[in-house]
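**Student:** I have a structure here, written as structure tokens, and I will follow up with some questions on it.
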Amino acid sequence: MLDTKVELILDVPTDFQTDWLLILSTHRSDRKFPALTVHIPGNWDKADMGGAPRTLNTAYASRMKDLLLALNEKNSLGWNVNQEVDHHGPTCKLPIIFIEIGSSEEEWGNRKAAEIVAEAIMDSINEKKSYNSFVGAGGGHYAPFFTKLMLESEDAFGHILPKYQAANVGADTLKQAMERNVEKVDTLIYERKSFKAPDRDKLFAIAKEIGLDVEVK
């Protein structure tokens with residue numbers, strides 16, 4: 001058991017001998033809305049909340065999709081269920097996924113929410129199904145467009161570049177998003193009209209430079 005005082009985004013141990021890591025955590029938001037979330041940790045630019053700057057972790061999109069589907073199925077509370085974009089630490093060599101209860105102390109102490117998370121993990125932890133996996137680009141922090149695709153299609157998304165990080169993307173980070181995946185990823189799905197035109201054009205040019213196909217939806 002980890003000490004409850006451990007700051008997960010800074011100090012979580014990541015040197016295990018295992019295929020991938022699943023971190024059970026709390027999610028904090030100033031909006032304080034009830035939510036069940038999953039995401040890959042990592043930083044598109046600065047590392048203000050742990051991890052290394054401009055460094056993405058290895059995504060396991062198929063396993064994250066199964067977790068999200070299970071959360072949505074078990075969600076008897078009617079809370080928001082979302083995939084968040086890459087953000088915060090830690091940085092590690094293993095594939096890593098966070099599953100979280102948000103977004104304030106009131107929700108963190110909700111026993112039913114904890115049961116939903118536990119049941120979702122138990123139902124999906126041994127899944128072996130593999131989905132077509134992509135990089136996503138567009139939208140806000142809670143990635144409603146990509147969450148919907150995760151829940152309603154056969155597509156899976158690991159790394160997602162939000163519009164608030166669009167100006168910071170470079171060949172260094174986009175190449176990581178293409179390469180640091182358990183599954184093969186060769187296509188970026190762009191949420192139509194999500195970025196300002198200069199940022200969109202820059203993103204598409206970088207994608208072409210590194211050999212990443214682009215599909216607009």
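The way I read the labels, and the way they are meant: chains A, B, ... in the order of the structure tokens, residue 1 as the first residue of every chain, and ligand 1 as the first ligand shown, with later ones counted on from there.
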Could you give me, as a list in words, the residues within 7 Å of region 20-31 of chain A, counting only C-alpha atoms and dropping anything in the same chain fewer than 4 positions from it?
**Tutor:** Leu94, Pro95, Ile96, Ile97, Phe98, Ile99, Glu100, Ile101, Gly102, Ser103, Ser104 and Trp108 of chain A
**Student:** Residues of region 13-99 of chain A that approach region 138-149 of chain A to 6 Å or less, counting only C-alpha atoms: could you list each one with the shortest pair of atoms and its distance in Å to one decimal, rows by chain and increasing residue number, as a tab-separated table?
**Tutor:**
residue	atom	partner	partner_atom	distance
A:Asn82	CA	A:Thr147	CA	5.7
A:Gln83	CA	A:Thr147	CA	5.4
A:Glu84	CA	A:Tyr142	CA	4.5
A:Val85	CA	A:His141	CA	5.6
**Student:** Which residue, A:Lys112, A:His159, A:Arg63, A:Arg180, has the smallest gap to Tyr131 (chain A) when you use only C-alpha atoms?
**Tutor:** A:Arg63
**Student:** Give the answer as one residue: which of A:Val216, A:Leu67, A:Ala171, A:Ala205 has the shortest atom-to-atom distance to Asp123 (chain A), using only C-alpha atoms?
**Tutor:**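 Checking each of A:Val216, A:Leu67, A:Ala171, A:Ala205 against Asp123 (chain A), counting only C-alpha atoms, the winner is A:Leu67.
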**Student:** Measuring atom to atom with only C-alpha atoms, identify which of A:Asp186, A:Asp86, A:Glu152, A:Asp199 is nearest to Thr55 (chain A).
**Tutor:**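 Ranked by minimum distance to Thr55 (chain A), first place goes to A:Asp86.
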**Student:** Chain A: which residues are helix (DSSP H, G or I) by DSSP, as number ranges by chain?
**Tutor:** A: 8-11, 61-74, 105-108, 111-124, 144-152, 163-168, 171-179, 197-210
**Student:** For a quick check of understanding, using only C-alpha atoms, which of A:Ala177, A:Ala70, A:Leu151, A:Ala137 has the smallest distance to Phe195 (chain A)?
**Tutor:**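 Under the stated criterion, the closest residue is A:Ala137.
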**Student:** Near Met178 (chain A), counting only C-alpha atoms, which residues have an atom at most 12 Å away, once you skip same-chain residues fewer than 5 positions from it, shown as JSON, numbers by chain?
**Tutor:** {"A": [56, 57, 58, 59, 133, 134, 135, 136, 157, 158, 159, 160, 161, 171, 172, 173, 183, 184, 185, 186, 187, 188, 189, 206, 207, 210, 211, 212, 213, 214]}
**Student:** With N, CA and C atoms retained, write the just-selected residues as a short mmCIF file (atom, residue, chain, number, x, y, z; two decimals), in the first residue's frame.
**Tutor:**
data_model
loop_
_atom_site.label_atom_id
_atom_site.label_comp_id
_atom_site.auth_asym_id
_atom_site.auth_seq_id
_atom_site.Cartn_x
_atom_site.Cartn_y
_atom_site.Cartn_z
N LEU A 56 6.00 12.69 -23.04
CA LEU A 56 4.80 11.86 -22.93
C LEU A 56 5.18 10.46 -22.50
N ASN A 57 4.29 9.82 -21.77
CA ASN A 57 4.50 8.43 -21.38
C ASN A 57 3.98 7.49 -22.48
N THR A 58 4.20 6.21 -22.28
CA THR A 58 3.67 5.21 -23.21
C THR A 58 2.20 4.97 -22.92
N ALA A 59 1.37 5.16 -23.94
CA ALA A 59 -0.08 4.99 -23.79
C ALA A 59 -0.48 3.55 -24.10
N SER A 133 -6.02 2.18 -32.73
CA SER A 133 -5.62 3.24 -31.81
C SER A 133 -5.07 4.44 -32.57
N PHE A 134 -5.38 5.63 -32.03
CA PHE A 134 -5.05 6.87 -32.70
C PHE A 134 -4.52 7.91 -31.71
N VAL A 135 -3.85 8.93 -32.25
CA VAL A 135 -3.60 10.17 -31.53
C VAL A 135 -4.80 11.08 -31.78
N GLY A 136 -5.23 11.81 -30.75
CA GLY A 136 -6.31 12.78 -30.91
C GLY A 136 -5.78 14.20 -30.79
N PHE A 157 -8.19 5.96 -28.17
CA PHE A 157 -7.27 7.09 -28.15
C PHE A 157 -6.42 7.02 -26.89
N GLY A 158 -5.11 7.17 -27.08
CA GLY A 158 -4.20 7.26 -25.96
C GLY A 158 -3.84 8.71 -25.70
N HIS A 159 -2.93 9.25 -26.50
CA HIS A 159 -2.50 10.64 -26.36
C HIS A 159 -3.50 11.57 -27.04
N ILE A 160 -3.87 12.66 -26.33
CA ILE A 160 -4.75 13.68 -26.89
C ILE A 160 -4.13 15.04 -26.65
N LEU A 161 -3.97 15.79 -27.74
CA LEU A 161 -3.45 17.16 -27.69
C LEU A 161 -4.63 18.12 -27.64
N ALA A 171 7.61 18.92 -33.30
CA ALA A 171 7.91 17.59 -33.82
C ALA A 171 8.35 16.65 -32.69
N ASP A 172 9.00 17.22 -31.65
CA ASP A 172 9.47 16.39 -30.54
C ASP A 172 8.31 15.72 -29.81
N THR A 173 7.27 16.47 -29.48
CA THR A 173 6.17 15.90 -28.72
C THR A 173 5.21 15.10 -29.60
N GLU A 183 0.07 -0.10 -28.79
CA GLU A 183 -0.43 -0.45 -30.12
C GLU A 183 0.24 0.43 -31.19
N LYS A 184 0.24 -0.04 -32.41
CA LYS A 184 0.76 0.75 -33.53
C LYS A 184 -0.18 1.92 -33.77
N VAL A 185 0.38 3.11 -33.89
CA VAL A 185 -0.39 4.32 -34.16
C VAL A 185 0.24 5.05 -35.34
N ASP A 186 -0.55 5.25 -36.39
CA ASP A 186 -0.01 5.94 -37.57
C ASP A 186 -0.93 7.06 -38.06
N THR A 187 -2.03 7.36 -37.31
CA THR A 187 -2.98 8.37 -37.76
C THR A 187 -3.39 9.27 -36.60
N LEU A 188 -3.46 10.56 -36.88
CA LEU A 188 -3.98 11.56 -35.94
C LEU A 188 -5.40 11.91 -36.36
N ILE A 189 -6.33 11.84 -35.40
CA ILE A 189 -7.70 12.27 -35.64
C ILE A 189 -7.84 13.69 -35.11
N ILE A 206 3.60 19.46 -39.14
CA ILE A 206 4.47 18.61 -38.32
C ILE A 206 4.11 17.14 -38.51
N ALA A 207 2.81 16.85 -38.57
CA ALA A 207 2.37 15.47 -38.78
C ALA A 207 2.93 14.93 -40.09
N ILE A 210 6.71 14.09 -39.82
CA ILE A 210 7.11 12.89 -39.07
C ILE A 210 6.43 11.63 -39.57
N GLY A 211 5.60 11.75 -40.63
CA GLY A 211 4.97 10.56 -41.20
C GLY A 211 3.71 10.12 -40.50
N LEU A 212 3.01 11.05 -39.87
CA LEU A 212 1.76 10.75 -39.17
C LEU A 212 0.60 11.20 -40.04
N ASP A 213 -0.24 10.27 -40.46
CA ASP A 213 -1.41 10.62 -41.27
C ASP A 213 -2.39 11.45 -40.45
N VAL A 214 -3.22 12.25 -41.13
CA VAL A 214 -4.21 13.09 -40.48
C VAL A 214 -5.58 12.80 -41.06
#
**Student:** Between A:Lys93, A:Lys208, A:His39, A:Arg200, which one has atoms that come closest to Asn168 (chain A), using only C-alpha atoms?
**Tutor:** A:Arg200
**Student:** In terms of the shortest atom-to-atom distance over only C-alpha atoms, which of A:Asn110, A:Thr18, A:Asn72, A:Asn181 is closest to Leu36 (chain A)?
**Tutor:**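 Comparing A:Asn110, A:Thr18, A:Asn72, A:Asn181 against Leu36 (chain A), the winner is A:Asn72.
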